[in-house]
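Q: I have a structure I would like to understand better, so I am pasting it below and will then ask my questions one at a time.
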Amino acid sequence: MNKINCSFQVEKPIIRSLGLMTGTSMDGLDICVADIELSPESAAFDIKYSNTVAFPPELKERIQSALNCNTGLISDLHYDLGRWMADTVSAEIPKELIPDIIGCHGQTIFHNHNVSTFQIGEPSFLAESLGVPVISDFRARDISVGGCGAPLIPIIDKWLLQDKNEFRISLNVGGIANVTILPILDGENIIGFDTGPGMALMDEAYINAFSQGIDTNGKKAQAGQVHDDLVYQWVEDSFIQKSPPKSAGRHDYGLDWLKVHNHELETLVIEDQLATLCAFTAESIYKGCVPYIDGKNGSLIIGGGGSHHERLIHELEKRFTTFQIRKSDEFGIPVDGKEALGFAILAVAYVKGIPGNLPQVTGARKATILGKLTI
Ligand SMILES: Nc1ncnc2c1ncn2[C@@H]1O[C@H](COP(=O)(O)OP(=O)(O)O)[C@@H](O)[C@H]1O
Ligand SMILES: [Mg+2]
């Protein structure tokens, strides 16, 4: 039997933590190992390993169809994903990097803001294979105190990116896009919310046209023409117009959205479709931020897979004219590993008894420790 050592819980100032994230793009598992020093006010980290491992095609297919599955299939998938994460992490992480703790977000297959949320990937297999305690199911505790269970990354942005002198916006473009508004330290409240589509619409349109793959570096979108009339019409939708708190999922901006708008897109060549969807993503991000910018200048710090899409960066530069667009790498945070790093840090927050939600962001009645322990 594996002996699990929990003595690190209070004494160790620096905790080696492994974070695991699988986002709405369902592209794979982001893995990050970092040495973390955390106080309620700030976090310092030293990344030892960061990588993304693609889902095997069969597992990806099962995750994509999970929304329509019956209970038995979901239960099997929950355990099989847990087994696969344990096997993958065991194979990927060298012995000398075995962490003190693991923070595993899991794959969201359902999220009903404020009511319930469901992340799968049974953590027992990770705990058993690595002999390391796992913190998982981070969102439930926030919902139990009246919060939406999302977004959780804003506190990570506060700990890692909020600055004494500069107004910053942290932007993550995964399948869905979200921002954290980071006023100059000690100023106004931090605000965090989903702005609407991220890469999901472009990904789905690309698959429709080419059956597989992604628009690598946004090359096809670069070659297309933006149809501004469509962009300005689409950003009038009720989600984008709504004030935070708000969160979106693939059910809002994914295949279903494309079906509804097919009559507008089908007449365009694929390059124009991708360019127009890209501009829509950029415009909805900008629209979401406008109420907080108010003539300010500062930095827009981008992470997530969308950071590799050159046309998206260009569309953001056109809009955020008073902001410097910088990738999170510049701050030592790998663009593809930011959320995995975030959950590594939230696991440390659990161990240290530090609350992991920001009530003003999630709508919770109070700050609370997030996660559940599997030893
Ligand atoms: N080299 C690249 N060029 C263009 N787009 C990319 C590239 N790498 C990743 N992406 C985009 O980023 C998405 C994945 O981003 P990610 O941050 O992992 O999202 P999620 O958190 O939703 O899984 C891909 O589906 C793709 O649209
Ligand atoms: Mg991903």
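Chain lettering (A, B, ...) mirrors the order of the structure tokens, residue numbering begins at 1 for each chain separately, and ligand numbering begins at 1 in order of display.
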If you run DSSP over the backbone, which residues in range 318-351 of chain A end up alpha helix (DSSP H)? Put them as a list in words.

A: Lys318, Arg319, Lys338, Glu339, Ala340, Leu341, Gly342, Phe343, Ala344, Ile345, Leu346, Ala347, Val348, Ala349, Tyr350 and Val351 of chain A

Q: Any idea what's packed within 10 Å of His309 in chain A, counting only C-alpha atoms, ignoring anything in its chain fewer than 4 positions away? Could you give it as a compact mmCIF listing (two decimals) with all heavy atoms, in the first residue's frame?

A:
# COMPACT_ATOMS: atom_id res chain seq x y z
N VAL A 173 -7.80 33.02 -23.74
CA VAL A 173 -8.62 32.60 -24.88
C VAL A 173 -8.44 31.10 -25.09
O VAL A 173 -7.50 30.64 -25.72
CB VAL A 173 -8.28 33.38 -26.17
CG1 VAL A 173 -9.32 33.06 -27.24
CG2 VAL A 173 -8.23 34.87 -25.92
N MET A 199 -11.97 30.33 -28.99
CA MET A 199 -11.55 29.66 -30.22
C MET A 199 -12.60 28.67 -30.72
O MET A 199 -12.48 28.15 -31.83
CB MET A 199 -10.23 28.91 -29.99
CG MET A 199 -9.10 29.78 -29.48
SD MET A 199 -8.84 31.25 -30.47
CE MET A 199 -8.19 30.55 -31.98
N ASP A 215 -6.83 25.86 -37.31
CA ASP A 215 -6.23 26.86 -38.20
C ASP A 215 -4.91 27.31 -37.57
O ASP A 215 -4.84 28.35 -36.91
CB ASP A 215 -7.21 28.02 -38.36
CG ASP A 215 -6.68 29.08 -39.31
OD1 ASP A 215 -5.70 28.80 -40.04
OD2 ASP A 215 -7.26 30.19 -39.34
N THR A 216 -3.86 26.52 -37.80
CA THR A 216 -2.59 26.74 -37.11
C THR A 216 -2.07 28.17 -37.33
O THR A 216 -1.96 28.63 -38.46
CB THR A 216 -1.55 25.70 -37.58
OG1 THR A 216 -2.12 24.41 -37.36
CG2 THR A 216 -0.24 25.81 -36.79
N ASN A 217 -1.79 28.81 -36.23
CA ASN A 217 -1.33 30.22 -36.19
C ASN A 217 -2.30 31.20 -36.86
O ASN A 217 -1.94 32.35 -37.11
CB ASN A 217 0.07 30.35 -36.80
CG ASN A 217 1.08 29.51 -36.06
OD1 ASN A 217 0.86 29.16 -34.91
ND2 ASN A 217 2.16 29.15 -36.71
N GLY A 218 -3.49 30.73 -37.20
CA GLY A 218 -4.50 31.61 -37.81
C GLY A 218 -4.20 31.93 -39.27
O GLY A 218 -4.66 32.95 -39.80
N LYS A 219 -3.47 31.04 -39.93
CA LYS A 219 -3.04 31.30 -41.32
C LYS A 219 -4.23 31.49 -42.27
O LYS A 219 -4.24 32.40 -43.10
CB LYS A 219 -2.16 30.15 -41.83
CG LYS A 219 -0.73 30.18 -41.30
CD LYS A 219 0.12 31.12 -42.14
CE LYS A 219 1.53 31.34 -41.66
NZ LYS A 219 1.81 31.44 -40.25
N ALA A 221 -7.35 32.27 -41.46
CA ALA A 221 -8.08 33.49 -41.08
C ALA A 221 -7.35 34.73 -41.60
O ALA A 221 -7.98 35.70 -42.02
CB ALA A 221 -8.24 33.56 -39.56
N GLN A 222 -6.03 34.69 -41.61
CA GLN A 222 -5.22 35.82 -42.12
C GLN A 222 -5.54 36.11 -43.58
O GLN A 222 -5.51 37.25 -44.02
CB GLN A 222 -3.72 35.50 -42.04
CG GLN A 222 -3.12 35.53 -40.65
CD GLN A 222 -2.83 36.95 -40.16
OE1 GLN A 222 -3.51 37.88 -40.55
NE2 GLN A 222 -1.87 37.09 -39.28
N CYS A 278 -13.17 35.29 -36.10
CA CYS A 278 -12.03 35.79 -35.31
C CYS A 278 -12.31 37.23 -34.85
O CYS A 278 -12.11 37.58 -33.68
CB CYS A 278 -10.77 35.71 -36.16
SG CYS A 278 -9.32 36.36 -35.35
N GLY A 305 -4.75 28.93 -25.70
CA GLY A 305 -4.38 28.54 -27.06
C GLY A 305 -4.56 29.66 -28.09
O GLY A 305 -3.85 29.71 -29.10
N ILE A 313 -4.57 38.13 -32.42
CA ILE A 313 -3.72 39.14 -31.76
C ILE A 313 -3.86 40.47 -32.50
O ILE A 313 -4.02 41.53 -31.88
CB ILE A 313 -2.23 38.69 -31.76
CG1 ILE A 313 -2.06 37.34 -31.04
CG2 ILE A 313 -1.31 39.78 -31.16
CD1 ILE A 313 -2.22 37.39 -29.55
N HIS A 314 -3.84 40.41 -33.82
CA HIS A 314 -3.95 41.62 -34.63
C HIS A 314 -5.30 42.31 -34.40
O HIS A 314 -5.39 43.53 -34.24
CB HIS A 314 -3.76 41.22 -36.10
CG HIS A 314 -3.93 42.34 -37.06
ND1 HIS A 314 -3.08 43.42 -37.07
CD2 HIS A 314 -4.86 42.57 -38.02
CE1 HIS A 314 -3.49 44.26 -38.00
NE2 HIS A 314 -4.57 43.78 -38.58

Q: Can you tell me, as an NGL selection string, what residues are no more than 8 Å from Ile285 in chain A when counting only C-alpha atoms, ignoring any on the same chain fewer than 3 positions away?

A: :A and (177-179 or 195-196 or 281-282 or 288-289)

Q: Would you save the residues of that selection, restricted to all heavy atoms, as a compact mmCIF listing (two decimals), in the first residue's frame?

A:
# COMPACT_ATOMS: atom_id res chain seq x y z
N ALA A 177 -13.69 32.68 -24.10
CA ALA A 177 -12.72 33.69 -23.65
C ALA A 177 -13.15 34.27 -22.31
O ALA A 177 -14.36 34.46 -22.08
CB ALA A 177 -12.59 34.81 -24.68
N ASN A 178 -12.18 34.52 -21.43
CA ASN A 178 -12.53 35.19 -20.18
C ASN A 178 -11.47 36.20 -19.80
O ASN A 178 -10.31 36.11 -20.21
CB ASN A 178 -12.75 34.18 -19.04
CG ASN A 178 -11.56 33.28 -18.86
OD1 ASN A 178 -10.52 33.70 -18.39
ND2 ASN A 178 -11.70 32.02 -19.25
N VAL A 179 -11.90 37.21 -19.06
CA VAL A 179 -10.96 38.26 -18.64
C VAL A 179 -11.01 38.46 -17.13
O VAL A 179 -12.02 38.18 -16.48
CB VAL A 179 -11.29 39.63 -19.30
CG1 VAL A 179 -11.03 39.60 -20.79
CG2 VAL A 179 -12.70 40.10 -18.99
N THR A 195 -16.23 36.54 -21.59
CA THR A 195 -16.68 37.59 -22.52
C THR A 195 -17.51 37.00 -23.66
O THR A 195 -18.19 37.75 -24.37
CB THR A 195 -15.48 38.33 -23.13
OG1 THR A 195 -14.57 37.37 -23.66
CG2 THR A 195 -14.77 39.17 -22.07
N GLY A 196 -17.45 35.70 -23.86
CA GLY A 196 -18.19 35.06 -24.95
C GLY A 196 -17.29 34.08 -25.68
O GLY A 196 -16.51 33.36 -25.05
N THR A 281 -14.82 37.22 -32.08
CA THR A 281 -14.21 36.90 -30.78
C THR A 281 -13.52 38.15 -30.21
O THR A 281 -13.73 38.52 -29.05
CB THR A 281 -13.20 35.73 -30.94
OG1 THR A 281 -13.93 34.53 -31.16
CG2 THR A 281 -12.32 35.55 -29.72
N ALA A 282 -12.72 38.83 -31.06
CA ALA A 282 -11.99 40.03 -30.58
C ALA A 282 -12.96 41.13 -30.17
O ALA A 282 -12.78 41.78 -29.13
CB ALA A 282 -11.05 40.52 -31.67
N GLY A 288 -16.75 43.52 -23.81
CA GLY A 288 -16.81 43.15 -22.40
C GLY A 288 -15.94 44.04 -21.53
O GLY A 288 -16.29 44.35 -20.39
N CYS A 289 -14.81 44.47 -22.08
CA CYS A 289 -13.84 45.26 -21.29
C CYS A 289 -14.14 46.75 -21.29
O CYS A 289 -13.71 47.46 -20.36
CB CYS A 289 -12.42 45.03 -21.82
SG CYS A 289 -11.84 43.35 -21.57

Q: At a cut-off of 8 Å and counting only C-alpha atoms and all ligand atoms, what residues surround ligand 2? Please answer as a list in words.

A: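 Taking only C-alpha atoms and all ligand atoms into account, the residues around ligand 2 at most 8 Å away are Met21, Thr22, Gly23, Thr24, Ser25, Met26, Asp27, Gly28, Leu29, Asp30, Thr52, Gly174, Gly175, Gly304, Gly305 and Asp336 of chain A.
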
Q: Between A:Glu266, A:Glu61, A:Asp237, A:Asp203, which one has atoms that come closest to Lys287 in chain A, using only C-alpha atoms?

A: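 Checking each of A:Glu266, A:Glu61, A:Asp237, A:Asp203 against Lys287 in chain A, counting only C-alpha atoms, the winner is A:Asp237.
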
Q: So which residues touch range 325-334 of chain A within 10 Å, counting only C-alpha atoms, skipping near sequence neighbours fewer than 2 positions away, as a compact mmCIF listing (two decimals) with all heavy atoms, in the first residue's frame?

A:
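Result file is selection26.txt:
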# COMPACT_ATOMS: atom_id res chain seq x y z
N CYS A 32 1.23 20.96 -15.39
CA CYS A 32 2.25 21.92 -14.94
C CYS A 32 2.74 21.51 -13.56
O CYS A 32 1.92 21.24 -12.67
CB CYS A 32 1.64 23.33 -14.90
SG CYS A 32 2.80 24.58 -14.36
N PHE A 45 6.23 31.48 -7.92
CA PHE A 45 6.28 30.13 -8.47
C PHE A 45 7.55 29.94 -9.28
O PHE A 45 8.13 30.89 -9.81
CB PHE A 45 5.06 29.87 -9.36
CG PHE A 45 5.01 30.77 -10.57
CD1 PHE A 45 5.53 30.33 -11.79
CD2 PHE A 45 4.50 32.05 -10.50
CE1 PHE A 45 5.51 31.16 -12.91
CE2 PHE A 45 4.49 32.88 -11.60
CZ PHE A 45 4.98 32.44 -12.81
N ASP A 46 7.94 28.68 -9.36
CA ASP A 46 9.10 28.31 -10.17
C ASP A 46 8.66 27.07 -10.96
O ASP A 46 8.49 26.00 -10.38
CB ASP A 46 10.28 28.01 -9.22
CG ASP A 46 11.52 27.61 -9.98
OD1 ASP A 46 11.53 27.72 -11.22
OD2 ASP A 46 12.49 27.16 -9.32
N ILE A 47 8.44 27.27 -12.26
CA ILE A 47 7.88 26.17 -13.05
C ILE A 47 8.97 25.15 -13.38
O ILE A 47 10.05 25.49 -13.86
CB ILE A 47 7.22 26.71 -14.34
CG1 ILE A 47 5.98 27.51 -13.95
CG2 ILE A 47 6.86 25.58 -15.30
CD1 ILE A 47 5.20 28.06 -15.09
N SER A 50 6.09 21.92 -17.90
CA SER A 50 4.81 22.38 -18.45
C SER A 50 4.62 21.74 -19.82
O SER A 50 5.51 21.82 -20.67
CB SER A 50 4.83 23.91 -18.55
OG SER A 50 3.66 24.36 -19.19
N ASN A 51 3.49 21.11 -20.02
CA ASN A 51 3.27 20.39 -21.29
C ASN A 51 1.78 20.12 -21.48
O ASN A 51 1.01 20.13 -20.52
CB ASN A 51 4.03 19.05 -21.24
CG ASN A 51 4.09 18.36 -22.59
OD1 ASN A 51 3.89 18.99 -23.63
ND2 ASN A 51 4.36 17.07 -22.58
N LEU A 160 -0.69 36.61 -9.25
CA LEU A 160 0.49 36.59 -10.13
C LEU A 160 0.70 37.85 -10.94
O LEU A 160 1.82 38.17 -11.33
CB LEU A 160 0.41 35.40 -11.10
CG LEU A 160 0.31 34.00 -10.51
CD1 LEU A 160 0.36 32.97 -11.63
CD2 LEU A 160 1.43 33.74 -9.51
N LEU A 161 -0.38 38.54 -11.25
CA LEU A 161 -0.25 39.60 -12.27
C LEU A 161 -0.66 40.99 -11.82
O LEU A 161 -0.33 41.98 -12.50
CB LEU A 161 -1.07 39.22 -13.52
CG LEU A 161 -0.57 38.01 -14.31
CD1 LEU A 161 -1.57 37.62 -15.39
CD2 LEU A 161 0.79 38.29 -14.94
N ILE A 169 -5.28 43.90 -17.78
CA ILE A 169 -6.37 42.97 -18.06
C ILE A 169 -5.71 41.64 -18.39
O ILE A 169 -4.83 41.58 -19.26
CB ILE A 169 -7.24 43.43 -19.24
CG1 ILE A 169 -7.87 44.79 -18.94
CG2 ILE A 169 -8.30 42.40 -19.56
CD1 ILE A 169 -8.61 45.40 -20.12
N SER A 170 -6.12 40.59 -17.68
CA SER A 170 -5.62 39.26 -18.01
C SER A 170 -6.69 38.57 -18.86
O SER A 170 -7.84 38.47 -18.45
CB SER A 170 -5.36 38.49 -16.72
OG SER A 170 -5.07 37.15 -17.03
N LEU A 171 -6.28 38.14 -20.04
CA LEU A 171 -7.23 37.53 -20.99
C LEU A 171 -6.81 36.10 -21.25
O LEU A 171 -5.64 35.83 -21.56
CB LEU A 171 -7.20 38.33 -22.30
CG LEU A 171 -7.87 37.69 -23.52
CD1 LEU A 171 -9.38 37.54 -23.33
CD2 LEU A 171 -7.59 38.53 -24.78
N ASN A 172 -7.76 35.18 -21.11
CA ASN A 172 -7.48 33.79 -21.48
C ASN A 172 -8.40 33.41 -22.63
O ASN A 172 -9.62 33.52 -22.52
CB ASN A 172 -7.73 32.86 -20.29
CG ASN A 172 -7.26 31.45 -20.60
OD1 ASN A 172 -6.06 31.17 -20.64
ND2 ASN A 172 -8.20 30.56 -20.88
N GLY A 298 -2.60 50.53 -20.26
CA GLY A 298 -2.02 49.48 -19.44
C GLY A 298 -1.64 48.30 -20.31
O GLY A 298 -1.33 48.47 -21.49
N SER A 299 -1.68 47.11 -19.71
CA SER A 299 -1.31 45.90 -20.47
C SER A 299 -2.48 44.94 -20.54
O SER A 299 -3.21 44.75 -19.56
CB SER A 299 -0.15 45.18 -19.79
OG SER A 299 1.04 45.89 -19.97
N LEU A 300 -2.63 44.33 -21.72
CA LEU A 300 -3.56 43.22 -21.90
C LEU A 300 -2.68 41.98 -22.01
O LEU A 300 -1.89 41.85 -22.95
CB LEU A 300 -4.38 43.41 -23.18
CG LEU A 300 -5.36 42.29 -23.52
CD1 LEU A 300 -6.59 42.37 -22.62
CD2 LEU A 300 -5.82 42.39 -24.98
N ILE A 301 -2.81 41.10 -21.02
CA ILE A 301 -1.89 39.95 -20.94
C ILE A 301 -2.65 38.70 -21.37
O ILE A 301 -3.62 38.30 -20.71
CB ILE A 301 -1.34 39.80 -19.51
CG1 ILE A 301 -0.62 41.10 -19.11
CG2 ILE A 301 -0.40 38.60 -19.42
CD1 ILE A 301 -0.35 41.24 -17.64
N ILE A 302 -2.23 38.12 -22.47
CA ILE A 302 -3.03 37.04 -23.07
C ILE A 302 -2.39 35.67 -22.82
O ILE A 302 -1.18 35.52 -22.91
CB ILE A 302 -3.30 37.32 -24.57
CG1 ILE A 302 -4.07 36.18 -25.23
CG2 ILE A 302 -2.03 37.59 -25.35
CD1 ILE A 302 -4.62 36.49 -26.61
N GLY A 303 -3.24 34.71 -22.50
CA GLY A 303 -2.84 33.31 -22.35
C GLY A 303 -3.87 32.42 -23.02
O GLY A 303 -4.88 32.91 -23.54
N GLY A 304 -3.64 31.12 -23.00
CA GLY A 304 -4.56 30.18 -23.64
C GLY A 304 -4.15 29.95 -25.09
O GLY A 304 -3.32 30.69 -25.65
N SER A 307 -3.62 32.55 -27.98
CA SER A 307 -2.40 33.39 -28.08
C SER A 307 -1.57 33.05 -29.30
O SER A 307 -0.73 33.84 -29.72
CB SER A 307 -1.49 33.23 -26.87
OG SER A 307 -2.19 32.89 -25.74
N HIS A 308 -1.76 31.83 -29.84
CA HIS A 308 -0.97 31.42 -31.01
C HIS A 308 -1.59 31.90 -32.33
O HIS A 308 -1.02 31.70 -33.39
CB HIS A 308 -0.87 29.89 -31.08
CG HIS A 308 -0.27 29.28 -29.84
ND1 HIS A 308 1.04 29.44 -29.49
CD2 HIS A 308 -0.83 28.53 -28.85
CE1 HIS A 308 1.28 28.80 -28.36
NE2 HIS A 308 0.15 28.24 -27.95
N ILE A 313 -4.57 38.13 -32.42
CA ILE A 313 -3.72 39.14 -31.76
C ILE A 313 -3.86 40.47 -32.50
O ILE A 313 -4.02 41.53 -31.88
CB ILE A 313 -2.23 38.69 -31.76
CG1 ILE A 313 -2.06 37.34 -31.04
CG2 ILE A 313 -1.31 39.78 -31.16
CD1 ILE A 313 -2.22 37.39 -29.55
N HIS A 314 -3.84 40.41 -33.82
CA HIS A 314 -3.95 41.62 -34.63
C HIS A 314 -5.30 42.31 -34.40
O HIS A 314 -5.39 43.53 -34.24
CB HIS A 314 -3.76 41.22 -36.10
CG HIS A 314 -3.93 42.34 -37.06
ND1 HIS A 314 -3.08 43.42 -37.07
CD2 HIS A 314 -4.86 42.57 -38.02
CE1 HIS A 314 -3.49 44.26 -38.00
NE2 HIS A 314 -4.57 43.78 -38.58
N LEU A 316 -7.14 42.13 -31.79
CA LEU A 316 -7.15 42.71 -30.44
C LEU A 316 -6.36 44.02 -30.42
O LEU A 316 -6.79 45.01 -29.83
CB LEU A 316 -6.55 41.72 -29.42
CG LEU A 316 -7.42 40.49 -29.12
CD1 LEU A 316 -6.61 39.44 -28.36
CD2 LEU A 316 -8.66 40.87 -28.31
N GLU A 317 -5.22 44.02 -31.11
CA GLU A 317 -4.39 45.25 -31.17
C GLU A 317 -5.16 46.40 -31.79
O GLU A 317 -5.06 47.55 -31.36
CB GLU A 317 -3.12 44.99 -31.98
CG GLU A 317 -2.05 44.29 -31.17
CD GLU A 317 -0.90 43.72 -32.02
OE1 GLU A 317 -1.03 43.70 -33.27
OE2 GLU A 317 0.09 43.28 -31.44
N PHE A 320 -7.78 47.38 -28.74
CA PHE A 320 -7.23 47.85 -27.46
C PHE A 320 -6.06 48.80 -27.75
O PHE A 320 -4.91 48.50 -27.46
CB PHE A 320 -6.76 46.66 -26.62
CG PHE A 320 -7.88 45.84 -26.03
CD1 PHE A 320 -8.45 44.80 -26.74
CD2 PHE A 320 -8.36 46.12 -24.75
CE1 PHE A 320 -9.48 44.04 -26.20
CE2 PHE A 320 -9.40 45.38 -24.20
CZ PHE A 320 -9.96 44.33 -24.93
N THR A 321 -6.39 49.96 -28.31
CA THR A 321 -5.33 50.83 -28.84
C THR A 321 -4.48 51.47 -27.73
O THR A 321 -3.35 51.85 -27.98
CB THR A 321 -5.93 51.94 -29.71
OG1 THR A 321 -6.98 52.55 -28.96
CG2 THR A 321 -6.50 51.40 -31.01
N THR A 322 -5.02 51.58 -26.52
CA THR A 322 -4.23 52.21 -25.46
C THR A 322 -3.53 51.14 -24.59
O THR A 322 -2.98 51.46 -23.54
CB THR A 322 -5.11 53.10 -24.56
OG1 THR A 322 -6.16 52.28 -24.02
CG2 THR A 322 -5.71 54.25 -25.35
N PHE A 323 -3.61 49.91 -25.04
CA PHE A 323 -3.02 48.82 -24.27
C PHE A 323 -1.86 48.16 -25.01
O PHE A 323 -1.88 48.06 -26.24
CB PHE A 323 -4.08 47.75 -23.96
CG PHE A 323 -4.96 48.13 -22.81
CD1 PHE A 323 -5.91 49.12 -22.96
CD2 PHE A 323 -4.82 47.52 -21.58
CE1 PHE A 323 -6.71 49.51 -21.90
CE2 PHE A 323 -5.61 47.89 -20.52
CZ PHE A 323 -6.56 48.88 -20.68
N ASP A 336 0.21 28.13 -22.66
CA ASP A 336 -0.60 26.90 -22.70
C ASP A 336 -0.69 26.22 -21.33
O ASP A 336 -1.37 25.21 -21.20
CB ASP A 336 -0.02 25.93 -23.73
CG ASP A 336 -0.16 26.47 -25.14
OD1 ASP A 336 -1.27 26.94 -25.48
OD2 ASP A 336 0.83 26.47 -25.90
N GLY A 337 -0.02 26.77 -20.34
CA GLY A 337 -0.02 26.09 -19.04
C GLY A 337 -0.58 26.95 -17.92
O GLY A 337 -0.51 26.59 -16.76
N LYS A 338 -1.18 28.09 -18.29
CA LYS A 338 -1.57 29.02 -17.24
C LYS A 338 -2.64 28.44 -16.31
O LYS A 338 -2.55 28.57 -15.09
CB LYS A 338 -2.08 30.31 -17.87
CG LYS A 338 -2.41 31.33 -16.83
CD LYS A 338 -2.88 32.62 -17.39
CE LYS A 338 -3.43 33.45 -16.25
NZ LYS A 338 -4.31 34.48 -16.73
N GLU A 339 -3.63 27.79 -16.90
CA GLU A 339 -4.70 27.28 -16.04
C GLU A 339 -4.23 26.09 -15.22
O GLU A 339 -4.63 25.92 -14.06
CB GLU A 339 -5.93 26.95 -16.88
CG GLU A 339 -6.60 28.24 -17.38
CD GLU A 339 -7.87 27.97 -18.15
OE1 GLU A 339 -7.79 27.21 -19.13
OE2 GLU A 339 -8.91 28.51 -17.78
N ALA A 340 -3.36 25.26 -15.81
CA ALA A 340 -2.78 24.14 -15.04
C ALA A 340 -1.98 24.69 -13.87
O ALA A 340 -2.09 24.20 -12.73
CB ALA A 340 -1.93 23.26 -15.94
N LEU A 341 -1.20 25.74 -14.12
CA LEU A 341 -0.46 26.39 -13.03
C LEU A 341 -1.46 26.92 -11.99
O LEU A 341 -1.24 26.80 -10.78
CB LEU A 341 0.40 27.54 -13.58
CG LEU A 341 1.10 28.41 -12.54
CD1 LEU A 341 2.13 27.60 -11.75
CD2 LEU A 341 1.78 29.62 -13.19
N GLY A 342 -2.55 27.48 -12.48
CA GLY A 342 -3.58 28.02 -11.59
C GLY A 342 -4.12 26.95 -10.64
O GLY A 342 -4.27 27.20 -9.43

Q: Just want the 8 Å neighbourhood of range 98-103 of chain A, counted on only C-alpha atoms, with same-chain residues fewer than 6 positions away dropped. Output as a VMD selection string.

A: chain A and resid 8 15 to 20 33 130 132 to 136 343 to 348

Q: Those selected residues, please, written with N, CA, C and O atoms and delivered as a compact mmCIF listing (two decimals), in the first residue's frame.

A:
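The new file part-v2.txt reads:
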# COMPACT_ATOMS: atom_id res chain seq x y z
N PHE A 8 3.61 17.78 5.19
CA PHE A 8 4.00 19.06 4.58
C PHE A 8 2.96 20.14 4.83
O PHE A 8 3.23 21.30 4.63
N ILE A 15 5.87 24.52 -1.67
CA ILE A 15 5.24 23.24 -1.96
C ILE A 15 5.33 22.95 -3.45
O ILE A 15 5.02 23.81 -4.28
N ARG A 16 5.80 21.77 -3.77
CA ARG A 16 5.82 21.37 -5.18
C ARG A 16 4.42 20.84 -5.54
O ARG A 16 3.94 19.88 -4.96
N SER A 17 3.79 21.50 -6.48
CA SER A 17 2.41 21.14 -6.81
C SER A 17 2.28 20.88 -8.30
O SER A 17 2.94 21.53 -9.12
N LEU A 18 1.44 19.91 -8.63
CA LEU A 18 1.20 19.56 -10.04
C LEU A 18 -0.23 19.94 -10.38
O LEU A 18 -1.16 19.52 -9.68
N GLY A 19 -0.41 20.76 -11.38
CA GLY A 19 -1.75 21.19 -11.78
C GLY A 19 -2.17 20.52 -13.07
O GLY A 19 -1.36 20.37 -13.99
N LEU A 20 -3.44 20.13 -13.13
CA LEU A 20 -3.97 19.48 -14.32
C LEU A 20 -5.23 20.19 -14.77
O LEU A 20 -6.13 20.44 -13.96
N VAL A 33 4.05 21.43 -13.39
CA VAL A 33 4.62 21.21 -12.06
C VAL A 33 5.36 22.48 -11.67
O VAL A 33 6.15 23.00 -12.47
N LEU A 130 0.41 7.81 -8.00
CA LEU A 130 1.56 8.64 -7.64
C LEU A 130 1.84 8.65 -6.14
O LEU A 130 2.88 9.14 -5.73
N VAL A 132 0.34 10.50 -4.07
CA VAL A 132 0.33 11.93 -3.74
C VAL A 132 -1.12 12.35 -3.51
O VAL A 132 -1.99 11.94 -4.27
N PRO A 133 -1.39 13.15 -2.48
CA PRO A 133 -2.78 13.62 -2.29
C PRO A 133 -3.24 14.50 -3.45
O PRO A 133 -2.45 15.29 -3.99
N VAL A 134 -4.51 14.37 -3.79
CA VAL A 134 -5.07 15.12 -4.91
C VAL A 134 -6.20 16.03 -4.40
O VAL A 134 -7.07 15.57 -3.66
N ILE A 135 -6.16 17.28 -4.81
CA ILE A 135 -7.28 18.18 -4.54
C ILE A 135 -8.04 18.32 -5.86
O ILE A 135 -7.44 18.59 -6.90
N SER A 136 -9.35 18.13 -5.80
CA SER A 136 -10.14 18.22 -7.03
C SER A 136 -11.50 18.86 -6.72
O SER A 136 -11.75 19.25 -5.57
N PHE A 343 -4.37 25.76 -11.15
CA PHE A 343 -4.92 24.72 -10.27
C PHE A 343 -3.85 24.09 -9.39
O PHE A 343 -4.16 23.60 -8.29
N ALA A 344 -2.58 24.16 -9.83
CA ALA A 344 -1.48 23.77 -8.93
C ALA A 344 -1.46 24.73 -7.74
O ALA A 344 -1.31 24.32 -6.59
N ILE A 345 -1.65 26.02 -8.02
CA ILE A 345 -1.64 27.02 -6.94
C ILE A 345 -2.88 26.86 -6.04
O ILE A 345 -2.78 26.96 -4.81
N LEU A 346 -4.02 26.59 -6.64
CA LEU A 346 -5.23 26.42 -5.82
C LEU A 346 -5.11 25.19 -4.91
O LEU A 346 -5.69 25.16 -3.82
N ALA A 347 -4.37 24.16 -5.36
CA ALA A 347 -4.14 23.00 -4.48
C ALA A 347 -3.31 23.43 -3.27
O ALA A 347 -3.58 23.01 -2.14
N VAL A 348 -2.33 24.30 -3.51
CA VAL A 348 -1.51 24.80 -2.40
C VAL A 348 -2.37 25.67 -1.47
O VAL A 348 -2.25 25.62 -0.24

Q: Which residue gives the smallest distance to ligand 1 among A:Gly213, A:Gly146, A:Pro245, A:Gly192, with only C-alpha atoms and all ligand atoms counted?

A: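 So, comparing all the options, the nearest one is A:Gly213.
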
Q: Given the choices A:Ile93, A:Leu277, A:Ala364, A:Ile176, which gets closest to ligand 1 if the distance is worked out from only C-alpha atoms and all ligand atoms?

A: A:Ile176

Q: Can you pull out the residues contacting range 272-274 of chain A? Cut-off 8 Å, using only C-alpha atoms, and skip same-chain residues under 5 positions away; I want them as a list in words.

A: Met202, Ala205, Tyr206, Lys220, Ala221, Ala223, Gly224, Gln225, Val226, His227 and Leu265 of chain A

Q: What parts of range 80-111 of chain A does DSSP call strand (DSSP E or B)? I'd like the answer as a ChimeraX atom specification.

A: /A:101-111

Q: Could you give me, as a PyMOL selection string, the residues within 12 Å of Phe167 in chain A, counting only C-alpha atoms and dropping anything in the same chain fewer than 3 positions from it?

A: chain A and resi 158+161-164+170+180-188+190+292-301+322-324

Q: Between A:Ile214, A:Val269, A:Ile74, A:Leu38, which residue has the minimum interatomic distance to Pro355 in chain A, considering only C-alpha atoms?

A: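 Result for the nearest residue to Pro355 in chain A: A:Leu38.
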